[in-house]
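Worksheet for the structure shown next.
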Amino acid sequence: MHRFFVPPEWLQHEPIVLTGPLAHQLGRVLRVKPGDHITLLDNTGWAYEIEITRVTGDQTLARLVSKAQPRTEPMTRLILYQALTREKKFDWALQKGVELGVAAFAPLLTERGLLNRAEQVRELKSERWGRIVTEAAEQSGRARLPELWPVQTVAEACAALPPSATALIACPGESLTLHDLEYTWRRSLPREVRLLIGPEGGFTAVEVALARRAGVTPISLGPRTLRTETAGLATAAIVLYILDNL
């Protein structure tokens with residue numbers, strides 16, 4: 001069944017009236033017809049099954065059939081601070097992170113990153129990122145849209161950490177691993193985990209020192225060298241698995 005995020009006010013009255021690009025997609029692209037069912041989401045955790053009752057040129061009318069709360073959102077909020085990299089790689093990391101269950105993405109400017117200058121950041125298309133997140137959430141059955149935070153530096157990210165945050169930074173050569181943290185987390189599940197993932201070449205010593213002073217725990221991701229987009233997704237998947245949220 002097709003799924004679409006819509007403004008909550010669209011679902012407050014009957015008949016339900018769908019307009020704009022969504023109406024065009026339903027009528028001209030998907031060619032829905034009266035009697036077809038689709039799912040609408042209002043980004044509050046509810047999913048609404050509706051039946052199409054009428055399709056016109058610029059709007060689609062429908063009636064509510066049922067609503068439910070899908071259990072697709074992890075209990076632990078996972079926030080991924082992913083170092084900015086080449087456009088397609090970052091887009092891919094966003095898409096797959098949504099599928100895994102990441103709750104929020106923070107694009108990270110790093111000293112060794114390919115994108116590390118203010119003029120480059122202004123050229124980034126956050127609107128495109130929003131579309132990627134929305135489409136991935138619809139496809140993967142998410143009931144809430146993951147948040148897309150502003151681009152920030154490592155220093156800005158560390159300065160904004162809550163006082164008792166459970167935050168990790170990937171650092172080659174560290175002895176502590178996610179496996180070591182599993183026993184601690186099993187006894188007391190964190191409500192939120194923040195992951196800082198560096199660029200190709202990793203974080204600099206200055207960035208790691210900043211993170212340590214902010215209370216971020218350095219961890220190793222193993223003996224092999226991972227690409228930045230692989231590191232972020234692999235770490236997210238392992239964390240959610242450990243917390244029984246995958």
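Every chain in the structure tokens has a letter given in the order shown (A, B, ...), and although residue numbers restart at 1 in each chain, ligands are simply numbered from 1 in the order shown.
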Exercise: region 215-228 of chain A partners within 9 Å, only C-alpha atoms, chain neighbours under 4 positions left out, as a PyMOL selection string: chain A and resi 82-85+89+158+161+163-178+194+196-202+208+210-211+232-235
Alpha helix (DSSP H) per DSSP on the backbone: members of region 15-224 of chain A, as a ChimeraX atom specification: /A:20-24,87-100,118-121,126-140,154-159,178-187,205-213
Contacts of region 138-150 of chain A at 6 Å (only C-alpha atoms; same-chain gap of 4+ positions) as a list of chain:residue names: A:Arg3, A:Phe4, A:Asn43, A:Gly45, A:Thr72, A:Glu99, A:Ala103, A:Ala104, A:Phe105, A:Ala106
Kindly export the residues of the current selection with C-alpha atoms, as a short mmCIF file (atom, residue, chain, number, x, y, z; two decimals), in the first residue's frame.
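This is the output file again-v3.cif:
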```cif
data_model
loop_
_atom_site.label_atom_id
_atom_site.label_comp_id
_atom_site.auth_asym_id
_atom_site.auth_seq_id
_atom_site.Cartn_x
_atom_site.Cartn_y
_atom_site.Cartn_z
CA ARG A 3 2.29 5.65 2.02
CA PHE A 4 2.54 9.44 2.12
CA ASN A 43 4.15 12.69 11.53
CA GLY A 45 3.08 8.32 14.97
CA THR A 72 8.27 1.04 13.59
CA GLU A 99 15.54 2.76 6.81
CA ALA A 103 15.77 9.59 14.54
CA ALA A 104 17.82 12.63 13.53
CA PHE A 105 20.69 13.49 11.20
CA ALA A 106 23.28 16.19 11.87
#
```
Picked from region 1-238 of chain A by DSSP as strand (DSSP E or B), as a VMD selection string: chain A and resid 3 to 5 16 to 19 37 to 41 47 to 55 59 to 68 77 to 83 104 to 109 147 to 148 152 to 153 166 to 170 177 192 to 197 217 to 220
Neighbour list for Val154 (chain A) as a ChimeraX atom specification, cut-off 7 Å, only C-alpha atoms, skip fewer than 3 positions in-chain: /A:108-110,157-158,207
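CA of Ile38 (chain A) to CA of Asp58 (chain A) spans 17.9 Å [interatomic distance, one decimal].
Every protein, DNA or RNA residue with an atom at most 8 Å from Lys96 (chain A), where only C-alpha atoms count and chain neighbours fewer than 4 positions away do not, is listed here: Trp92, Leu100, Ala136 and Leu233 of chain A.
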Could you write out that same residue set with N, CA, C and O atoms as a short mmCIF file (atom, residue, chain, number, x, y, z; two decimals), in the first residue's frame?
```cif
data_model
loop_
_atom_site.label_atom_id
_atom_site.label_comp_id
_atom_site.auth_asym_id
_atom_site.auth_seq_id
_atom_site.Cartn_x
_atom_site.Cartn_y
_atom_site.Cartn_z
N TRP A 92 23.07 8.71 0.06
CA TRP A 92 22.89 7.27 0.33
C TRP A 92 22.86 7.00 1.82
O TRP A 92 22.05 6.22 2.32
N LEU A 100 17.08 2.27 8.63
CA LEU A 100 17.53 1.57 9.83
C LEU A 100 16.80 2.05 11.08
O LEU A 100 16.65 1.29 12.04
N ALA A 136 12.32 8.01 1.89
CA ALA A 136 12.83 6.81 2.56
C ALA A 136 11.93 6.42 3.73
O ALA A 136 11.71 5.23 3.99
N LEU A 233 26.51 3.88 9.06
CA LEU A 233 25.39 2.94 8.98
C LEU A 233 25.66 1.67 9.77
O LEU A 233 24.76 1.15 10.44
#
```
Distance of CA of Pro74 (chain A) from CA of Glu51 (chain A), expressed in Å to one decimal place: 29.0 Å
Distance in Å - CA of Glu127 (chain A) versus CA of Leu61 (chain A): 28.0 Å
